[in-house]
Amino acid sequence: MEIQSFAFPVFFVMVMILLFNIPQKGRCFFLLGSSLFFYYFLNIYYLLILLASGTIDYFLGLNMKQWGQKHRKRLLIIGLCNNLLTLFLFKYFQFFTLSLNSLLSTFNVGFKVPLFKFLIPLGISYYTFKKISYLVEVYRGNIEIETHIGRFMLYVSFFPSLLAGPIDRPGKLLPQFKQKCSFDFNRMVEGVTQIVWGLFKKMVIADNLAPMVNNIFNNPHQFEGIHFILAASFFSIQIYCDFSGYSDMAIGSAWVMGIKLQDNFNRPYQAVSITDFWRRWHITLSSWLRDYLFLPISYFVSRKIKTAVWLGIRADKWAYLLGMTATMLLCGLWHGAGWTFIIWGGIHGTYISLAFLTRKQRAKIRKHLKIKKTFLLHHIFSIFLTFSFVSLTWIFFKAQTVSSAFYIISHFFSGIPQFFVSAASFLSHLTGQSFANFLINNQMGAIPLHLIFISLAIVFMFIVERRQKDKLNINAAIAGKPTWYRWSFYYILIFGILIFSGFEPKEFIYFKF
Amino acid sequence: MKTKVRKSLKVGLFLLILAGLNFLLARIYETVIMSSSSLILTTDKMLKQVKKGKVEILVLGDSHPWTAINPIYFKRPLITWVSSGEKYHHSYYKLKYFLANCQRPEIVILPLDIHSFTSNFRPEKDDFYWVKYINYLEFGKKRNQFSKFFRKYLKGQFFPYVGESAAIYQWLLKDYLNITKAGFAPTFLTPGKPGNDVTLTERQKTVEQHALNQFYEKNLKRDFFDPLKIYYFNQILTLCGKNNIRVLLVKFPVKFEYYKYVSEHFFSPESYYKRIQSIIPKSCAEFHILDYQDIFFNRPHLMNDLDHVNHDGQKIVSKNINSEIERLLQGKH
């Protein structure tokens with residue numbers, strides 16, 4: 001039962017109706033039951049793994065209360081091992097086995113590690129991080145231990161965010177399950193608006209870009225320069241709409257039930273630098289990585305480097321560099337068990353590190369050239385540069401293999417002169433048929449009008465997001481507007497979804513992680 | 001209380017406008033967009049004329065009869081009420097409708113090709129059209145896919161435009177086929193020109209791909225005798241038998257390389273047709289099988305592609321079928 005399928009609204013409406021008609025005391029168990037049923041509907045095997053690992057973490061957390069610091073640390077380590085081993089077994093075992101066997105055969109070693117294929121439970125990466133977050137916060141004493149097993153399991157398995165986040169912190173989510181909540185019409189409208197907005201991004205934009213993007217990435221040798229540039233740019237939009245669309249649906253669904261989940265995106269393609277991008281993209285993951293990987297690693301490194309300067313670089317910079325590199329490599333690995341993802345993470349880590357190392361020099365250059373960061377041209381250029389860089393790295397994310405990713409990048413500018421010749425020819429005989437011929441001759445592989453409509457939808461999306469201003473919620477874009485304005489917006493979304501999609505759902509990209 | 005009433009009224013008004021817009025879009029889709037661009041809907045326009053007069057020959061089936069049977073070569077009034085990819089269950093429900101709303105024809109022509117019974121159920125489109133003829137709920141139960149066909153029923157009845165952006169683009173770009181008289185759809189090639197396969201390797205690839213599409217696509221059971229297709233095929237014959245209609249089962253021409261590929265990779269066509277004959281119920285209509293499958297083996301220039309005749313080929317096939325019909329109706333068959 002996918003969140004964007006026919007069955008989910010039926011399930012969700014039934015949960016809603018029952019939720020606000022049962023006593024407050026029973027709501028936690030009812031939500032837990034609904035969440036477990038939702039997961040069971042996907043696969044009972046997934047449910048059993050979640051219950052088993054969740055139960056272990058619950059009892060570990062419970063026992064931390066009684067023991068002293070030394071034993072609490074041991075319990076934390078056991079908990080981390082439980083979670084990371086589970087994740088490794090189901091998600092990474094095959095990848096590491098294949099890589100190891102490949103390495104062994106390179107050195108002509110006859111031995112091969114046996115290969116076991118496990119079905120990867122959907123959402124395991126997300127709920128594992130939630131459980132780790134809980135254990136660490138309990139260990140640090142930042143939150144109270146959750147003694148109610150039902151509430152703890154609900155925190156782990158809450159169905160709107162189970163499959164692809166947001167990765168909420170226990171300190172923010174757990175207390176909400178204890179609070180009283182009654183039906184609120186305005187809250188329901190806001191929640192449904194966010195759900196529909198998410199559906200629009202997913203079904204109208206992401207799903208319609210997917211065929212063209214997949215065609216080019218799956219068959220790179222049939223295409224050249226301009227196709228790769230378009231495919232990379234469109235994939236950037238596709239993955240954003242796909243993932244933020246899901247997040248909107250999850251956050252909207254939870255809000256209808258009175259649960260506030262953390263926002264996950266803040267207009268990432270308006271970022272002016274890669275660092276800024278990571279403050280806006282998958283916010284709950286990047287903040288999790290910052291708090292549980294980057295800061296501990298950096299702190300560890302800074303304690304280990306005894307001297308103030310080592311190899312010409314200050315100790316605090318070393319802490320940052322090593323912390324950032326390790327964090328981004330692991331971030332790449334989290335996204336997928338494959339070298340393309342690791343390289344993707346590594347490139348981001350390298351760029352952020354370079355940006356950090358050179359920030360003073362770049363500030364000097366700007367000062368020398370009298371360029372202020374507030375200049376519109378500088379702002380636009382920074383956004384364009386950041387988007388270009390991010391799109392380039394998405395090639396590794398999307399490509400099937402490292403070699404096809406490098407092929408695409410190395411052929412980015414091939415065929416460009418011929419493209420401009422045919423573009424000039426098309427422009428000089430500007431008709432619908434010449435546009436169709438132009439696209440056919442350049443193997444765009446998509447109906448030309450389709451691209452125009454999708455591009456309009458993308459522009460519409462960016463305009464709406466611009467109207468949100470500093471708020472991360474779609475409702476901010478239409479708050480305070482007259483009824484006819486808001487209703488027109490709703491009708492555009494609803495009929496856009498109906499016309500440009502259909503009744504057959506396509507899987508979310510981030511479900512694979 | 002007043003606020004609750006106001007909110008309820010607001011919600012009601014919102015939903016009413018939504019329903020109204022949906023109705024408007026559905027009507028625009030059917031009466032403006034599809035009526036001009038949908039090939040399948042334009043064949044229905046002929047039905048209106050047929051309801052007034054008498055048709056002696058009713059042609060049902062897929063693109064094979066659609067491109068091979070040209071009404072101008074027939075002496076008797078004929079209508080090709082066909083559609084691309086039409087299966088026997090489509091034809092059955094259309095025949096039911098025809099018999100209920102028009103005068104009984106003397107002869108029904110059906111294709112009997114080597115792919116006719118495979119378990120190849122490609123995604124079926126044009127729900128807005130088929131919902132008028134097919135009882136989707138009944139058919140869904142028969143296929144053990146009730147929920148899928150219930151969705152198709154809802155879509156066809158109330159939301160025909162859902163997911164049909166491609167059809168809207170076609171209409172905007174005026175990128176659709178036109179049909180000629182009485183439903184005949186000429187194929188693309190000009191007279192005398194051969195098909196567009198070039199090298200031997202390309203031709204072989206085309207044959208393989210086409211065969212895979214016809215026999216393997218969505219046919220996970222690799223079943224070349226789908227029970228549901230057999231059921232509806234027999235239903236057509238039974239219905240014709242009850243209404244005293246003669247049935248002409250036509251094996252339309254195919255290219256030799258396609259026939260050879262099927263024989264070597266899937267089944268022997270001879271045993272296939274023997275089996276078909278054995279499943280036809282004895283109490284059904286008087287039927288005759290016209291075998292034109294190999295008539296163009298040595299004349300590939302009369303074929304548009306592997307299993308459709310071209311402009312020149314349809315003349316020969318149509319004339320042949322017309323001669324057979326005349327012989328049949330004059331009692332000489």
# chains A, B, ... in the order shown; residues from 1 in each chain; ligands from 1
>>> residues_around(residues="segment 284-287 of chain B", least_positions_apart="2", cutoff="7 Å", atoms="only C-alpha atoms", output="list in words")
Leu237, Thr238, Cys240, Gly241, Asn244, Ile245, Arg246, Val247, Leu248, Pro281, Lys282 and Ile289 of chain B
>>> write_last_selection(atoms="all heavy atoms", output="JSON list (two decimals), in the first residue's frame")
[["chain", "number", "residue", "atom", "x", "y", "z"],
["B", 237, "LEU", "N", -19.44, -17.12, -30.75],
["B", 237, "LEU", "CA", -20.01, -18.13, -31.65],
["B", 237, "LEU", "C", -21.40, -18.56, -31.17],
["B", 237, "LEU", "O", -22.32, -18.73, -31.98],
["B", 237, "LEU", "CB", -19.08, -19.34, -31.73],
["B", 237, "LEU", "CG", -17.72, -19.08, -32.39],
["B", 237, "LEU", "CD1", -16.89, -20.35, -32.38],
["B", 237, "LEU", "CD2", -17.87, -18.58, -33.81],
["B", 238, "THR", "N", -21.53, -18.71, -29.88],
["B", 238, "THR", "CA", -22.84, -19.10, -29.33],
["B", 238, "THR", "C", -23.88, -18.03, -29.58],
["B", 238, "THR", "O", -25.02, -18.33, -29.99],
["B", 238, "THR", "CB", -22.71, -19.37, -27.81],
["B", 238, "THR", "OG1", -21.64, -20.29, -27.60],
["B", 238, "THR", "CG2", -23.98, -19.90, -27.23],
["B", 240, "CYS", "N", -23.85, -15.80, -31.94],
["B", 240, "CYS", "CA", -24.15, -15.80, -33.38],
["B", 240, "CYS", "C", -25.09, -16.96, -33.72],
["B", 240, "CYS", "O", -26.02, -16.80, -34.51],
["B", 240, "CYS", "CB", -22.87, -15.90, -34.20],
["B", 240, "CYS", "SG", -21.90, -14.38, -34.18],
["B", 241, "GLY", "N", -24.82, -18.10, -33.09],
["B", 241, "GLY", "CA", -25.66, -19.27, -33.34],
["B", 241, "GLY", "C", -27.10, -19.02, -32.94],
["B", 241, "GLY", "O", -28.04, -19.33, -33.67],
["B", 244, "ASN", "N", -28.73, -16.83, -35.45],
["B", 244, "ASN", "CA", -28.70, -17.33, -36.82],
["B", 244, "ASN", "C", -27.78, -16.49, -37.73],
["B", 244, "ASN", "O", -28.12, -16.14, -38.86],
["B", 244, "ASN", "CB", -30.13, -17.31, -37.39],
["B", 244, "ASN", "CG", -30.28, -18.37, -38.45],
["B", 244, "ASN", "OD1", -29.55, -19.35, -38.49],
["B", 244, "ASN", "ND2", -31.23, -18.16, -39.34],
["B", 245, "ILE", "N", -26.63, -16.19, -37.19],
["B", 245, "ILE", "CA", -25.64, -15.40, -37.93],
["B", 245, "ILE", "C", -24.49, -16.32, -38.31],
["B", 245, "ILE", "O", -24.00, -17.08, -37.47],
["B", 245, "ILE", "CB", -25.10, -14.23, -37.07],
["B", 245, "ILE", "CG1", -26.23, -13.31, -36.62],
["B", 245, "ILE", "CG2", -24.03, -13.43, -37.84],
["B", 245, "ILE", "CD1", -25.80, -12.29, -35.57],
["B", 246, "ARG", "N", -24.06, -16.22, -39.54],
["B", 246, "ARG", "CA", -22.91, -17.03, -39.97],
["B", 246, "ARG", "C", -21.62, -16.31, -39.59],
["B", 246, "ARG", "O", -21.57, -15.08, -39.64],
["B", 246, "ARG", "CB", -22.95, -17.26, -41.47],
["B", 246, "ARG", "CG", -23.85, -18.43, -41.85],
["B", 246, "ARG", "CD", -23.95, -18.61, -43.33],
["B", 246, "ARG", "NE", -25.07, -17.83, -43.84],
["B", 246, "ARG", "CZ", -25.77, -18.20, -44.90],
["B", 246, "ARG", "NH1", -25.47, -19.31, -45.54],
["B", 246, "ARG", "NH2", -26.76, -17.45, -45.34],
["B", 247, "VAL", "N", -20.61, -17.09, -39.26],
["B", 247, "VAL", "CA", -19.34, -16.50, -38.81],
["B", 247, "VAL", "C", -18.24, -16.89, -39.79],
["B", 247, "VAL", "O", -18.06, -18.06, -40.11],
["B", 247, "VAL", "CB", -18.98, -16.99, -37.40],
["B", 247, "VAL", "CG1", -17.66, -16.39, -36.95],
["B", 247, "VAL", "CG2", -20.07, -16.64, -36.40],
["B", 248, "LEU", "N", -17.52, -15.86, -40.23],
["B", 248, "LEU", "CA", -16.32, -16.10, -41.04],
["B", 248, "LEU", "C", -15.11, -15.84, -40.16],
["B", 248, "LEU", "O", -14.91, -14.73, -39.69],
["B", 248, "LEU", "CB", -16.29, -15.13, -42.22],
["B", 248, "LEU", "CG", -17.06, -15.49, -43.47],
["B", 248, "LEU", "CD1", -16.75, -14.48, -44.57],
["B", 248, "LEU", "CD2", -16.70, -16.89, -43.96],
["B", 281, "PRO", "N", -17.61, -24.95, -29.71],
["B", 281, "PRO", "CA", -18.74, -25.79, -29.30],
["B", 281, "PRO", "C", -19.57, -26.22, -30.51],
["B", 281, "PRO", "O", -19.73, -25.47, -31.47],
["B", 281, "PRO", "CB", -19.54, -24.85, -28.37],
["B", 281, "PRO", "CG", -19.13, -23.48, -28.73],
["B", 281, "PRO", "CD", -17.74, -23.57, -29.24],
["B", 282, "LYS", "N", -20.12, -27.41, -30.41],
["B", 282, "LYS", "CA", -20.85, -27.96, -31.56],
["B", 282, "LYS", "C", -22.18, -27.26, -31.78],
["B", 282, "LYS", "O", -22.70, -27.20, -32.88],
["B", 282, "LYS", "CB", -21.08, -29.45, -31.33],
["B", 282, "LYS", "CG", -19.80, -30.24, -31.49],
["B", 282, "LYS", "CD", -19.99, -31.73, -31.38],
["B", 282, "LYS", "CE", -18.64, -32.38, -31.63],
["B", 282, "LYS", "NZ", -18.17, -33.14, -30.52],
["B", 289, "ILE", "N", -13.84, -21.11, -42.02],
["B", 289, "ILE", "CA", -12.50, -20.57, -41.80],
["B", 289, "ILE", "C", -11.87, -20.22, -43.15],
["B", 289, "ILE", "O", -11.82, -21.08, -44.05],
["B", 289, "ILE", "CB", -11.61, -21.57, -41.04],
["B", 289, "ILE", "CG1", -12.22, -21.85, -39.65],
["B", 289, "ILE", "CG2", -10.19, -21.03, -40.88],
["B", 289, "ILE", "CD1", -11.49, -22.88, -38.83]]
>>> interface_residues(of="chain A", to="chain B", cutoff="7 Å", atoms="only C-alpha atoms", output="compact mmCIF listing (two decimals) with N, CA and C atoms, in the first residue's frame")
# COMPACT_ATOMS: atom_id res chain seq x y z
N LEU A 449 5.22 18.63 -26.44
CA LEU A 449 4.24 19.37 -25.66
C LEU A 449 4.27 18.94 -24.20
N LEU A 498 -4.83 14.76 -11.56
CA LEU A 498 -5.68 13.81 -12.27
C LEU A 498 -5.30 13.69 -13.74
N ILE A 499 -5.05 14.81 -14.40
CA ILE A 499 -4.77 14.75 -15.84
C ILE A 499 -3.38 14.20 -16.12
N PHE A 500 -2.40 14.64 -15.34
CA PHE A 500 -1.02 14.29 -15.67
C PHE A 500 -0.53 13.03 -15.03
N SER A 501 -1.37 12.36 -14.24
CA SER A 501 -0.93 11.11 -13.65
C SER A 501 -1.93 10.05 -14.02
N GLY A 502 -2.43 9.36 -13.09
CA GLY A 502 -3.38 8.29 -13.37
C GLY A 502 -3.63 7.55 -12.09
>>> residues_around(residues="Ala167 of chain B", least_positions_apart="6", cutoff="9 Å", atoms="only C-alpha atoms", output="list of chain:residue names")
B:Ile33, B:Met34, B:Ser37, B:Ser38, B:Tyr161
>>> write_last_selection(atoms="all heavy atoms", output="PDB file, in the first residue's frame")
ATOM      1  N   ILE B  33     -12.275  16.563 -27.387  1.00  0.00           N
ATOM      2  CA  ILE B  33     -10.941  16.008 -27.632  1.00  0.00           C
ATOM      3  C   ILE B  33     -11.039  14.640 -28.287  1.00  0.00           C
ATOM      4  O   ILE B  33     -10.498  14.420 -29.369  1.00  0.00           O
ATOM      5  CB  ILE B  33     -10.138  15.954 -26.320  1.00  0.00           C
ATOM      6  CG1 ILE B  33      -9.915  17.370 -25.795  1.00  0.00           C
ATOM      7  CG2 ILE B  33      -8.821  15.238 -26.518  1.00  0.00           C
ATOM      8  CD1 ILE B  33      -9.316  17.437 -24.410  1.00  0.00           C
ATOM      9  N   MET B  34     -11.741  13.723 -27.656  1.00  0.00           N
ATOM     10  CA  MET B  34     -11.762  12.354 -28.157  1.00  0.00           C
ATOM     11  C   MET B  34     -12.594  12.180 -29.415  1.00  0.00           C
ATOM     12  O   MET B  34     -12.294  11.338 -30.260  1.00  0.00           O
ATOM     13  CB  MET B  34     -12.265  11.399 -27.067  1.00  0.00           C
ATOM     14  CG  MET B  34     -11.263  11.159 -25.979  1.00  0.00           C
ATOM     15  SD  MET B  34      -9.863  10.135 -26.547  1.00  0.00           S
ATOM     16  CE  MET B  34      -8.599  11.343 -26.626  1.00  0.00           C
ATOM     17  N   SER B  37     -10.107  13.103 -32.172  1.00  0.00           N
ATOM     18  CA  SER B  37      -8.790  12.472 -32.241  1.00  0.00           C
ATOM     19  C   SER B  37      -8.808  10.987 -31.961  1.00  0.00           C
ATOM     20  O   SER B  37      -7.861  10.280 -32.267  1.00  0.00           O
ATOM     21  CB  SER B  37      -7.829  13.158 -31.266  1.00  0.00           C
ATOM     22  OG  SER B  37      -8.277  12.961 -29.936  1.00  0.00           O
ATOM     23  N   SER B  38      -9.871  10.491 -31.357  1.00  0.00           N
ATOM     24  CA  SER B  38      -9.880   9.079 -31.005  1.00  0.00           C
ATOM     25  C   SER B  38     -10.392   8.259 -32.176  1.00  0.00           C
ATOM     26  O   SER B  38     -11.548   8.375 -32.578  1.00  0.00           O
ATOM     27  CB  SER B  38     -10.755   8.847 -29.779  1.00  0.00           C
ATOM     28  OG  SER B  38     -11.000   7.470 -29.628  1.00  0.00           O
ATOM     29  N   TYR B 161     -10.771  11.513 -18.298  1.00  0.00           N
ATOM     30  CA  TYR B 161      -9.577  12.289 -18.668  1.00  0.00           C
ATOM     31  C   TYR B 161      -8.371  11.962 -17.769  1.00  0.00           C
ATOM     32  O   TYR B 161      -7.266  12.407 -18.033  1.00  0.00           O
ATOM     33  CB  TYR B 161      -9.881  13.793 -18.560  1.00  0.00           C
ATOM     34  CG  TYR B 161     -10.327  14.182 -17.182  1.00  0.00           C
ATOM     35  CD1 TYR B 161      -9.401  14.523 -16.198  1.00  0.00           C
ATOM     36  CD2 TYR B 161     -11.671  14.155 -16.822  1.00  0.00           C
ATOM     37  CE1 TYR B 161      -9.800  14.834 -14.914  1.00  0.00           C
ATOM     38  CE2 TYR B 161     -12.079  14.456 -15.537  1.00  0.00           C
ATOM     39  CZ  TYR B 161     -11.142  14.805 -14.579  1.00  0.00           C
ATOM     40  OH  TYR B 161     -11.538  15.093 -13.314  1.00  0.00           O
TER      41      TYR B 161
END
>>> atom_distance(atom1="atom CA of Ile313 of chain A", atom2="atom CA of Leu392 of chain A")
29.3 Å
>>> residues_around(residues="Thr86 of chain A", least_positions_apart="5", cutoff="9 Å", atoms="only C-alpha atoms", output="number ranges by chain")
A: 49, 53, 81, 91, 124, 128
